[in-house]
4 protein chains.
Amino acid sequence: MVTLTGAEIAKHNTKESCWVIVHGKAYDVTEFLPEHPGGQKIILKYAGKDATKEFDPIHPSDTLDKYLPASKHLGPVDMASVESAPQDEEVMDDLELARIERVKRMPPVSQCYNLLDFEDIARQTMKKTAWAYYSSGADDEITMRENHAAFHRVWFRPKVLVDVSKIDLSTTMLGCPSSVPFYITATALGKLGNPEGEVVLTRAGYRENVIQMIPTLASCSFDEIVNARQGDQIQWLQLYVNKDREITRKIVQHAEKRGCRALWITVDAPQLGRREKDMRSKYDEQAANVQDDEAAVDRSQGAARAISSFIDPALSWKDIPWFQSITKMPIVLKGVQRAEDAIKAVEYGVDAILLSNHGGRQLDFARPAIEVLVEVMTALREHGYDDKIEVYVDGGVRRGTDILKAICLGAKGVGIGRPFLYAMSTYGEPGVVRAIQLLKDELEMNMRLIGATKVSDLDQSFVEASSIASHTYVPRDHLSSQVYDRLVTPPFVKSKL
Amino acid sequence: MVTLTGAEIAKHNTKESCWVIVHGKAYDVTEFLPEHPGGQKIILKYAGKDATKEFDPIHPSDTLDKYLPASKHLGPVDMASVESAPQDEEVMDDLELARIERVKRMPPVSQCYNLLDFEDIARQTMKKTAWAYYSSGADDEITMRENHAAFHRVWFRPKVLVDVSKIDLSTTMLGCPSSVPFYITATALGKLGNPEGEVVLTRAGYRENVIQMIPTLASCSFDEIVNARQGDQIQWLQLYVNKDREITRKIVQHAEKRGCRALWITVDAPQLGRREKDMRSKYDEQAANVQDDEAAVDRSQGAARAISSFIDPALSWKDIPWFQSITKMPIVLKGVQRAEDAIKAVEYGVDAILLSNHGGRQLDFARPAIEVLVEVMTALREHGYDDKIEVYVDGGVRRGTDILKAICLGAKGVGIGRPFLYAMSTYGEPGVVRAIQLLKDELEMNMRLIGATKVSDLDQSFVEASSIASHTYVPRDHLSSQVYDRLVTPPFVKSKL
Amino acid sequence: MVTLTGAEIAKHNTKESCWVIVHGKAYDVTEFLPEHPGGQKIILKYAGKDATKEFDPIHPSDTLDKYLPASKHLGPVDMASVESAPQDEEVMDDLELARIERVKRMPPVSQCYNLLDFEDIARQTMKKTAWAYYSSGADDEITMRENHAAFHRVWFRPKVLVDVSKIDLSTTMLGCPSSVPFYITATALGKLGNPEGEVVLTRAGYRENVIQMIPTLASCSFDEIVNARQGDQIQWLQLYVNKDREITRKIVQHAEKRGCRALWITVDAPQLGRREKDMRSKYDEQAANVQDDEAAVDRSQGAARAISSFIDPALSWKDIPWFQSITKMPIVLKGVQRAEDAIKAVEYGVDAILLSNHGGRQLDFARPAIEVLVEVMTALREHGYDDKIEVYVDGGVRRGTDILKAICLGAKGVGIGRPFLYAMSTYGEPGVVRAIQLLKDELEMNMRLIGATKVSDLDQSFVEASSIASHTYVPRDHLSSQVYDRLVTPPFVKSKL
Amino acid sequence: MVTLTGAEIAKHNTKESCWVIVHGKAYDVTEFLPEHPGGQKIILKYAGKDATKEFDPIHPSDTLDKYLPASKHLGPVDMASVESAPQDEEVMDDLELARIERVKRMPPVSQCYNLLDFEDIARQTMKKTAWAYYSSGADDEITMRENHAAFHRVWFRPKVLVDVSKIDLSTTMLGCPSSVPFYITATALGKLGNPEGEVVLTRAGYRENVIQMIPTLASCSFDEIVNARQGDQIQWLQLYVNKDREITRKIVQHAEKRGCRALWITVDAPQLGRREKDMRSKYDEQAANVQDDEAAVDRSQGAARAISSFIDPALSWKDIPWFQSITKMPIVLKGVQRAEDAIKAVEYGVDAILLSNHGGRQLDFARPAIEVLVEVMTALREHGYDDKIEVYVDGGVRRGTDILKAICLGAKGVGIGRPFLYAMSTYGEPGVVRAIQLLKDELEMNMRLIGATKVSDLDQSFVEASSIASHTYVPRDHLSSQVYDRLVTPPFVKSKL
């Protein structure tokens with residue numbers, strides 16, 4: 001295979017013939033353009049050029065091998081002959097300069113005392129698009145915020161005078177031992193936040209003995225993440241089901257062979273959620289070449305179409321037996337949201353369900369998992385099914401108390417996603433380790449304070465959750481509040497006015 | 001008919017003899033002055049002058065022909081001889097200059113990702129009086145805001161593992177097919193926001209196959225709006241009932257003849273609502289000649305009196321059979337607000353009811369339609385009437401989820417008003433088209449996410465609405481909140497203080 | 001009686017011998033000092049000087065005649081010989097200058113569109129101490145604000161298709177005809193807000209046919225207020241019961257003789273409420289001579305003691321028959337706050353009760369009257385007593401809708417206090433007239449909009465009040481809200497950042 | 001014993017040999033380093049130096065005698081030979097200068113009209129670390145704020161026409177007479193706020209006849225606090241139970257011998273709470289020498305370990321009989337939080353329980369005591385146990401009304417902590433006296449206003465607490481609130497824009 005020059009490649013810079021360079025090799029992506037999940041516009045921006053920098057954070061390294069036929073691999077490029085990328089995208093605006101300044105002044109990781117600290121630092125130091133992708137939710141982000149807020153409707157009923165000299169946080173989830181009743185859940189595009197991607201989570205999970213769920217849409221390839229596994233570390237697989245079941249079968253069986261211990265099938269995302277913060281963020285970045293409104297409309301529709309060529313919106317209950325036939329891994333339905341479906345899951349012989357609304361990223365006004373949990377556990381108990389299935393929850397977990405509340409209400413374990421992404425994006429592996437340690441510290445102390453010594457002690461009697469389904473809204477009375485003359489404290493305060 | 005000169009007309013500039021020029025023709029409006037719904041003051045401001053610019057946005061083009069006897073039509077004017085309008089009203093203040101600057105910097109319509117975006121842009125770019133007229137509500141605007149906020153008390157219970165590869169949003173309302181379960185409802189004075197007026201909505205409705213309800217108080221004439229209809233597009237008529245039933249009969253029968261497919265009789269507006277934001281806005285504009293307080297008081301009372309000479313406050317249930325006798329169009333009562341009246345409507349043989357509080361513009365503390373809907377459907381079911389009448393709702397709808405919630409709770413369709421006005425006022429027809437498309441996108445995705453493939457799938461099991469009638473209020477504890485020292489995140493934030 | 005000179009009076013400027021000048025006459029108040037309800041400190045400030053300016057706003061003109069024995073009336077003063085008051089108190093600070101500037105720029109009364117407008121203008125234009133006295137409430141002012149806010153928990157259930165061409169707001173309260181179901185309630189110290197005092201309210205009440213309740217603690221004397229009565233205008237008497245029942249008997253019988261038509265006995269104020277805003281305001285004003293902390297403590301205790309020498313804290317149910325024996329006026333208990341006391345009132349043969357917490361000025365966390373009303377009417381109905389007694393409410397009424405809600409829930413009438421004080425303090429009689437007219441406008445329109453034509457039509461079916469006793473509190477989650485990145489609308493907004 | 005020189009001591013400035021000077025004497029603390037509850041880092045900062053200034057506020061004066069063997073007492077130091085402390089820590093930043101300026105402008109104590117006033121002044125004038133230690137709570141401080149806020153869910157039902165000329169606030173708690181139904185509760189480290197420490201509270205308690213609970217973690221020694229007792233003043237003992245029961249026995253029996261009248265055993269703090277505000281505050285102060293992250297992590301873990309070497313996490317119900325065997329003082333369990341434990345306490349023969357969450361400093365989302373009180377009293381009544389045990393509450397009490405609500409709901413007395421610390425930290429003894437007097441004033445007035453003359457009159461009928469367990473949360477709708485155009489009052493306000 002001959003070595004290509006930048007000049008040759010530069011000629012293929014149109015829709016009709018589109019070549020790009022990635023990691024020093026050239027590829028002909030012309031035919032792939034309409035199938036690109038992110039739309040063809042973004043590829044065309046790099047037509048005839050080196051796209052490595054843009055490509056890396058959002059594609060596993062084996063993407064081109066997997067999805068592009070060998071015939072389209074054009075071979076090595078003489079990179080010295082490639083014109084360096086235009087500097088204009090390097091011109092930084094004031095906001096970006098301020099961000100870089102904040103990165104320099106980041107506090108040491110030891111000054112993070114809780115998971116929200118990582119989030120705040122991430123908000124101030126992450127690249128705008130990365131922050132937008134991680135932090136955004138569906139529509140008005142009501143569900144996204146409600147996920148955390150709903151924990152505020154559950155309060156503790158601690159027991160006193162219990163011998164709590166020894167606290168044991170360990171538990172078993174899906175037959176797998178864990179040092180804690182929470183796990184690192186699957187989240188997409190880890191390289192947006194950290195150039196190493198999801199393997200950072202793998203290594204931190206090993207250090208703290210926390211199970212990791214490997215995402216289908218990871219930036220690292222599946223094998224890279226499995227290869228990063230150490231010792232008897234446990235990993236699970238999260239799966240978006242492909243329309244082509246053969247591809248799905250291969251993924252599942254490959255994962256089982258590589259030692260994955262459970263299969264989490266995502267059932268709450270037949271279509272990619274609209275996240276407006278994310279959309280605005282992308283728009284801004286590409287503002288230069290989006291003068292035509294029609295094109296913009298197309299782009300949005302294209303993304304929706306693209307995703308449906310990958311995730312199967314036709315996935316249904318009747319597919320469950322097939323999954324049970326192709327793997328021995330325990331099967332978990334990820335994204336159950338009503339009691340009726342929990343009952344059905346038991347009847348279909350599913351091993352576990354995850355109550356989740358996908359971090360508030362899919363359907364706004366989906367109920368928070370902690371609220372659904374109460375409904376589901378009540379229904380399971382009424383059917384005598386409560387020991388026939390394991391129930392997990394995720395969404396909005398930021399505190400040890402959040403985890404305890406979920407366990408008390410019947411959850412077997414709790415998934416945590418964004419907080420570890422933020423920890424990874426700001427401080428890398430030490431950040432994730434610190435985040436896990438903080439949760440362990442909180443859990444140990446809170447177990448002690450509610451009077452429970454081990455996970456199996458936790459039951460409903462420890463919580464008061466009668467307001468869990470209370471959803472109210474308080475209208476503002478603007479004229480009255482404007483007219484009201486607020487009370488103030490003594491005069492030396494007033495003299496400042 | 002001779003051509004008149006500006007000088008001749010300028011002589012008739014008093015209450016005793018008041019001539020005005022509109023579109024190059026002169027009219028003697030002296031006798032009409034006391035009957036003018038907007039008060040005579042505003043006409044007298046243009047006595048002896050060209051009133052075209054002020055006249056246009058708020059009057060259908062056939063107004064003068066319809067309401068002013070031919071004898072008062074004085075004929076063409078030599079416009080060259082008319083002194084141009086005084087420039088003083090052209091002097092713009094800083095606020096107006098800033099507004100114009102914002103108009104220039106409006107983002108492309110493709111950057112509007114939801115209906116609130118149009119509203120925000122409208123707030124910043126519309127003329128102050130137009131914005132005030134569209135955006136204002138009754139009293140403290142509690143009901144106006146509650147209309148949208150009440151949707152926050154309804155949450156979803158999605159089904160998973162349903163084959164949602166095909167989503168069908170189409171439905172039938174009052175026997176009319178529609179691509180979606182919402183329609184463009186009747187709103188007054190379209191030309192305040194867009195010089196073309198309501199026909200913009202007609203054209204957008206055609207493009208997206210959405211039904212339009214034609215308002216009595218449109219800026220365009222009824223026939224202009226009907227003439228803008230294309231293909232098999234569907235239009236309905238909204239009716240304010242005139243004291244003179246003969247006029248009402250003519251309007252109804254003319255509409256039926258011109259192809260309107262349903263008659264929506266407004267029953268929640270026996271008197272025009274007081275909207276203080278609107279009143280203040282008008283007051284400011286005319287500040288120059290309102291030095292006398294008494295006159296101002298009169299003006300307000302005059303407006304109330306004027307409106308009662310047009311809309312009939314005596315309209316009652318016993319008028320219903322008469323309406324049924326003069327038209328074959330299905331009849332809808334627009335503005336029902338309690339279960340008892342819904343039952344009555346069935347018993348009177350009415351075809352449908354619209355639960356509505358007139359966009360929060362009439363009675364403050366009228367309940368939101370989504371709350372009334374729960375009460376009404378419960379009562380209809382108890383009477384076995386739920387399939388005897390169609391139920392519609394409007395008010396506060398901004399999201400696809402809002403529409404789905406209403407349909408799940410029993411509504412046949414949902415009316416949307418202000419959002420389309422804002423879209424029309426900012427981006428014209430492409431704005432309205434975009435707004436409809438955004439709703440369709442949201443609806444399609446949300447249907448998929450809750451596990452429903454067609455409108456008839458939607459039922460109560462998809463929603464949790466037990467808090468719908470919960471109205472609370474949280475007093476502020478000012479001293480405590482002043483004293484409390486808020487938590488902050490790590491030090492590099494604090495160093496900014 | 002010889003004419004005294006300023007020099008002679010100036011010698012009596014101590015606690016041991018304290019003379020003051022009021023309206024050109026000298027008085028020896030030495031013995032009265034310990035009994036002064038406002039404390040002796042404030043009198044001593046004017047010892048030997050002219051106190052007219054300070055005296056006027058807070059004392060009826062007959063105070064000195066009534067409370068100071070003739071022997072202490074020292075006779076006329078040669079005012080030319082009196083040194084004019086020191087100018088230092090005339091030195092105005094910036095805040096006061098800004099206030100005067102605002103007074104000059106006050107909008108015409110016709111620009112007030114609701115009662116809150118008067119309140120806002122009063123806040124900005126009234127003298128600080130006057131505003132503090134009128135606007136303050138007990139402790140944290142939770143009840144004061146809750147009084148208005150509680151109306152937000154009551155919503156309407158309007159009837160449609162009712163003939164509302166004629167609306168009649170008139171009613172009868174305690175056998176007295178009134179143009180409206182509200183009255184001007186008793187409030188203290190009217191001259192703080194308007195130099196003419198309570199007679200302004202009398203005249204406005206006459207113009208609009210609204211009943212006035214005359215306060216015991218008026219700035220005008222009782223007879224001045226009665227003398228201001230015109231035609232068949234109706235006045236009631238509000239009574240603080242004196243420890244010396246003979247004084248009380250005289251007041252009551254004098255009022256009856258002068259034509260008062262009802263006796264409202266205040267039962268919720270055995271001790272003067274502490275209003276911290278008011279206390280701070282006074283403190284500031286007198287800051288110069290309050291260096292000694294002990295004195296300040298004394299002053300506070302002194303005020304409490306002083307008031308108990310006037311209002312009788314021993315007043316109890318067993319006094320009721322005595323009141324019934326000394327007057328034929330209907331008797332109303334002003335300040336009832338629980339159902340048990342309402343029942344008792346019926347059994348004691350009392351004619352009416354006023355559910356009130358004294359405008360939130362006495363006990364913080366007293367419940368709002370509209371909430372107590374629901375409890376009381378339920379109890380009265382259970383006892384079959386609901387037509388044995390009239391029930392009134394006051395507190396927080398600012399809107400026509402507030403009044404309608406109270407009437408629907410069973411009140412016979414509604415008292416309004418502060419709003420009329422604010423109207424009087426800003427625009428005098430025209431202000432009060434305007435305020436009453438605005439309420440009438442709102443009432444008429446709102447009656448029409450809920451489908452009621454006369455006061456007796458109003459019943460419980462028009463309101464939804466199931467949340468009336470719901471008192472919740474929402475803790476703020478500071479770290480989460482700090483971390484959350486708010487949604488914003490399109491880019492041309494963001495570019496302003 | 002020879003007198004040591006500064007130079008000799010300065011040599012022992014390492015972990016291997018660590019000497020410090022306190023009050024002119026030298027001590028060898030090398031072996032004590034790992035046991036120091038505050039971690040060894042802070043001691044090492046003063047190795048070889050004079051630590052008096054740092055030592056004093058947080059250690060009772062007998063600490064070194066008690067906890068350091070005599071052999072480690074090295075004898076007197078020639079202080080003239082000791083180098084004065086480095087000035088660098090004296091360099092004040094702008095924030096500190098501003099604080100000192102505020103201290104100078106503090107208003108006289110008489111201008112504090114309620115307990116929140118002291119808190120606000122404390123916030124502005126206390127040293128940052130002291131404020132952080134006193135004011136901080138667990139995690140997000142939700143429980144800490146909820147403690148006060150929960151009182152907002154309880155409202156009064158006052159009786160009228162009760163003879164309230166005489167009000168008696170006195171009561172008996174644990175058999176001890178008190179002028180009021182509240183007491184000064186135990187709080188740690190009094191010298192942080194006032195150099196004299198807890199004896200200030202003792203003296204103020206004497207002046208106002210209020211019982212004081214002596215804390216285990218006081219800055220003054222136990223005997224100093226007892227020695228400050230005057231007349232028949234009453235003191236109780238708060239106890240953290242030591243792992244070494246012999247030490248505990250000595251403390252208890254010594255307290256009984258010294259006249260303490262009750263034993264309050266803390267049962268809600270088996271581990272020290274994490275208070276992030278406090279942690280951040282400390283971190284800042286020591287920022288200079290904390291460059292190494294690992295050390296910081298250790299420090300945090302060390303603190304947890306250290307505390308467990310002192311407070312016994314194994315304390316359990318089976319220890320109760322032992323306490324009953326070693327003392328005749330009534331025994332109170334401090335920190336009960338659920339009805340089941342209240343019942344158990346009765347069955348164990350305990351004399352009283354304190355419903356408390358430790359001022360919100362231990363477990364976030366522990367319920368407020370006033371809420372637990374309702375649950376506990378209901379359970380006690382159901383078991384017929386309500387007169388078998390006394391029930392106390394603390395947490396969030398700031399107003400006389402708060403105290404009354406607790407007593408009405410069944411509490412025998414109410415503990416108050418932080419408010420007295422703030423009063424002490426700002427105005428010393430006169431501040432605490434003033435704070436107590438303000439509460440008495442409020443209580444007396446509020447008793448009068450609800451119609452109760454003595455503490456035993458107070459019962460459930462005086463309160464409406466049906467919302468006490470209502471915990472809700474209101475999500476913000478950011479886009480809508482951003483889009484909404486707020487109502488404003490008349491134009492002279494708008495012209496300011």
# chains A, B, ... in the order shown; residues from 1 in each chain; ligands from 1
$ interface_residues --of "chain C" --to "chain A" --cutoff "9 Å" --atoms "only C-alpha atoms" --output "PDB file with C-alpha atoms, in the first residue's frame"
ATOM      1  CA  LEU C 116     -51.282  46.791  45.415  1.00  0.00           C
ATOM      2  CA  ASP C 117     -50.392  49.830  43.346  1.00  0.00           C
ATOM      3  CA  GLU C 119     -49.288  49.984  48.549  1.00  0.00           C
ATOM      4  CA  ASP C 120     -46.234  50.185  46.357  1.00  0.00           C
ATOM      5  CA  ILE C 121     -46.508  53.941  45.999  1.00  0.00           C
ATOM      6  CA  ARG C 123     -43.917  52.242  50.378  1.00  0.00           C
ATOM      7  CA  SER C 135     -46.899  47.861  57.148  1.00  0.00           C
ATOM      8  CA  SER C 136     -45.403  45.891  59.997  1.00  0.00           C
ATOM      9  CA  ASP C 140     -41.368  37.234  61.144  1.00  0.00           C
ATOM     10  CA  GLU C 141     -44.537  38.557  59.524  1.00  0.00           C
ATOM     11  CA  ARG C 145     -48.114  37.610  54.437  1.00  0.00           C
ATOM     12  CA  HIS C 148     -53.003  37.310  51.536  1.00  0.00           C
ATOM     13  CA  ALA C 149     -51.211  34.204  50.344  1.00  0.00           C
ATOM     14  CA  HIS C 152     -53.951  31.502  46.581  1.00  0.00           C
ATOM     15  CA  GLU C 276     -39.978  44.549  65.001  1.00  0.00           C
ATOM     16  CA  LYS C 277     -39.967  46.589  61.844  1.00  0.00           C
ATOM     17  CA  ARG C 280     -36.414  49.346  64.554  1.00  0.00           C
ATOM     18  CA  ASP C 284     -33.368  54.735  64.412  1.00  0.00           C
ATOM     19  CA  PRO C 475     -35.977  23.550  51.868  1.00  0.00           C
ATOM     20  CA  ASP C 477     -30.744  22.659  48.186  1.00  0.00           C
ATOM     21  CA  LEU C 479     -25.136  23.147  46.434  1.00  0.00           C
ATOM     22  CA  SER C 480     -27.315  21.491  43.818  1.00  0.00           C
ATOM     23  CA  GLN C 482     -25.417  26.330  42.500  1.00  0.00           C
ATOM     24  CA  VAL C 483     -24.057  23.508  40.439  1.00  0.00           C
ATOM     25  CA  TYR C 484     -26.975  23.317  38.040  1.00  0.00           C
ATOM     26  CA  ASP C 485     -26.396  25.079  34.760  1.00  0.00           C
ATOM     27  CA  LEU C 487     -31.277  26.503  30.526  1.00  0.00           C
ATOM     28  CA  VAL C 488     -31.243  29.646  28.446  1.00  0.00           C
ATOM     29  CA  PRO C 490     -31.294  31.318  21.931  1.00  0.00           C
ATOM     30  CA  PRO C 491     -27.837  32.780  21.328  1.00  0.00           C
TER      31      PRO C 491
END
$ residues_around --residues "Gly197 in chain C" --least-positions-apart "6" --cutoff "12 Å" --atoms "only C-alpha atoms" --output "number ranges by chain"
C: 56-61, 187-191, 203, 214-215, 217-222, 224-225, 228, 420-421, 424-425, 428-429
$ residues_around --residues "range 265-267 of chain B" --least-positions-apart "5" --cutoff "8 Å" --atoms "only C-alpha atoms" --output "list of chain:residue names"
B:Gln238, B:Leu239, B:Tyr240, B:Val241, B:Leu315, B:Ile331, B:Val332, B:Leu333, B:Lys334, B:Gly335, B:Val336, C:Val160, C:Leu161
$ select_by_dssp --residues "range 37-254 of chain A" --states "strand (DSSP E or B)" --output "PyMOL selection string"
chain A and resi 50+73-78+155-156+168+171-173+176-178+182-184+212-214+235-239+242
$ write_last_selection --atoms "N, CA and C atoms" --output "short mmCIF file (atom, residue, chain, number, x, y, z; two decimals), in the first residue's frame"
data_model
loop_
_atom_site.label_atom_id
_atom_site.label_comp_id
_atom_site.auth_asym_id
_atom_site.auth_seq_id
_atom_site.Cartn_x
_atom_site.Cartn_y
_atom_site.Cartn_z
N ASP A 50 -7.10 16.24 8.02
CA ASP A 50 -6.83 15.38 9.16
C ASP A 50 -7.94 15.58 10.21
N HIS A 73 -10.10 1.49 3.36
CA HIS A 73 -8.88 1.87 4.08
C HIS A 73 -7.80 2.15 3.05
N LEU A 74 -7.43 3.39 2.88
CA LEU A 74 -6.56 3.78 1.78
C LEU A 74 -5.09 3.69 2.12
N GLY A 75 -4.76 3.50 3.37
CA GLY A 75 -3.35 3.34 3.73
C GLY A 75 -2.73 4.54 4.37
N PRO A 76 -1.44 4.43 4.68
CA PRO A 76 -0.72 5.45 5.43
C PRO A 76 -0.56 6.76 4.66
N VAL A 77 -0.44 7.85 5.42
CA VAL A 77 -0.30 9.19 4.85
C VAL A 77 1.03 9.77 5.29
N ASP A 78 1.66 10.45 4.39
CA ASP A 78 2.88 11.17 4.75
C ASP A 78 2.46 12.44 5.47
N TRP A 155 -37.16 10.91 54.28
CA TRP A 155 -36.45 11.30 55.50
C TRP A 155 -36.16 10.07 56.35
N PHE A 156 -35.18 10.22 57.21
CA PHE A 156 -34.76 9.05 58.00
C PHE A 156 -35.48 8.92 59.34
N ASP A 168 -20.33 -2.77 57.89
CA ASP A 168 -19.95 -3.55 56.71
C ASP A 168 -20.79 -3.10 55.53
N THR A 171 -21.86 -6.04 49.73
CA THR A 171 -23.11 -6.66 49.31
C THR A 171 -22.86 -7.51 48.08
N THR A 172 -23.92 -8.12 47.59
CA THR A 172 -23.85 -8.92 46.39
C THR A 172 -24.89 -8.40 45.41
N MET A 173 -24.46 -8.17 44.17
CA MET A 173 -25.42 -7.71 43.17
C MET A 173 -25.33 -8.64 41.98
N CYS A 176 -22.71 -11.04 42.11
CA CYS A 176 -21.32 -10.56 42.12
C CYS A 176 -21.05 -9.82 43.43
N PRO A 177 -19.94 -10.14 44.10
CA PRO A 177 -19.62 -9.41 45.33
C PRO A 177 -19.15 -7.98 45.02
N SER A 178 -19.48 -7.08 45.94
CA SER A 178 -19.07 -5.69 45.77
C SER A 178 -18.78 -5.09 47.13
N PHE A 182 -23.33 0.17 45.46
CA PHE A 182 -23.50 1.00 44.25
C PHE A 182 -22.49 0.56 43.21
N TYR A 183 -22.74 0.95 41.97
CA TYR A 183 -21.83 0.58 40.89
C TYR A 183 -21.66 1.75 39.93
N ILE A 184 -20.63 1.67 39.12
CA ILE A 184 -20.37 2.70 38.12
C ILE A 184 -21.21 2.35 36.90
N GLN A 212 -18.10 -2.10 37.49
CA GLN A 212 -18.29 -1.16 36.38
C GLN A 212 -19.21 -1.78 35.33
N MET A 213 -20.14 -0.97 34.82
CA MET A 213 -20.96 -1.40 33.71
C MET A 213 -20.39 -0.76 32.45
N ILE A 214 -20.07 -1.60 31.45
CA ILE A 214 -19.43 -1.10 30.22
C ILE A 214 -20.49 -0.63 29.23
N GLN A 235 -17.10 -6.74 35.80
CA GLN A 235 -17.67 -5.82 34.81
C GLN A 235 -18.99 -6.39 34.28
N TRP A 236 -19.91 -5.49 33.97
CA TRP A 236 -21.17 -5.88 33.35
C TRP A 236 -21.24 -5.22 31.98
N LEU A 237 -22.14 -5.68 31.15
CA LEU A 237 -22.30 -5.06 29.83
C LEU A 237 -23.64 -4.36 29.71
N GLN A 238 -23.58 -3.09 29.27
CA GLN A 238 -24.82 -2.39 28.92
C GLN A 238 -25.00 -2.53 27.43
N LEU A 239 -26.24 -2.79 27.00
CA LEU A 239 -26.47 -3.08 25.59
C LEU A 239 -27.58 -2.23 24.98
N ASN A 242 -29.27 -3.74 18.61
CA ASN A 242 -29.19 -3.37 17.21
C ASN A 242 -30.32 -4.01 16.42
#
$ residues_around --residues "range 372-385 of chain D" --least-positions-apart "4" --cutoff "8 Å" --atoms "only C-alpha atoms" --output "VMD selection string"
chain D and resid 337 to 339 342 to 343 346 355 367 to 368 389 393 406 409 to 411
$ write_last_selection --atoms "C-alpha atoms" --output "PDB file, in the first residue's frame"
ATOM      1  CA  GLN D 337     -35.619   9.939  66.596  1.00  0.00           C
ATOM      2  CA  ARG D 338     -38.416   7.377  66.178  1.00  0.00           C
ATOM      3  CA  ALA D 339     -41.457   6.234  68.101  1.00  0.00           C
ATOM      4  CA  ALA D 342     -39.425   6.136  72.669  1.00  0.00           C
ATOM      5  CA  ILE D 343     -41.481   3.095  73.637  1.00  0.00           C
ATOM      6  CA  VAL D 346     -40.168   3.711  78.686  1.00  0.00           C
ATOM      7  CA  LEU D 355     -36.032  14.185  70.489  1.00  0.00           C
ATOM      8  CA  ARG D 367     -36.380  14.525  60.658  1.00  0.00           C
ATOM      9  CA  PRO D 368     -36.904  17.706  62.698  1.00  0.00           C
ATOM     10  CA  ILE D 389     -41.747   9.583  80.543  1.00  0.00           C
ATOM     11  CA  VAL D 393     -37.124  18.524  71.935  1.00  0.00           C
ATOM     12  CA  ALA D 406     -43.519  22.158  71.053  1.00  0.00           C
ATOM     13  CA  LEU D 409     -47.667  19.116  71.021  1.00  0.00           C
ATOM     14  CA  GLY D 410     -46.540  17.365  74.197  1.00  0.00           C
ATOM     15  CA  ALA D 411     -42.978  18.417  74.985  1.00  0.00           C
TER      16      ALA D 411
END
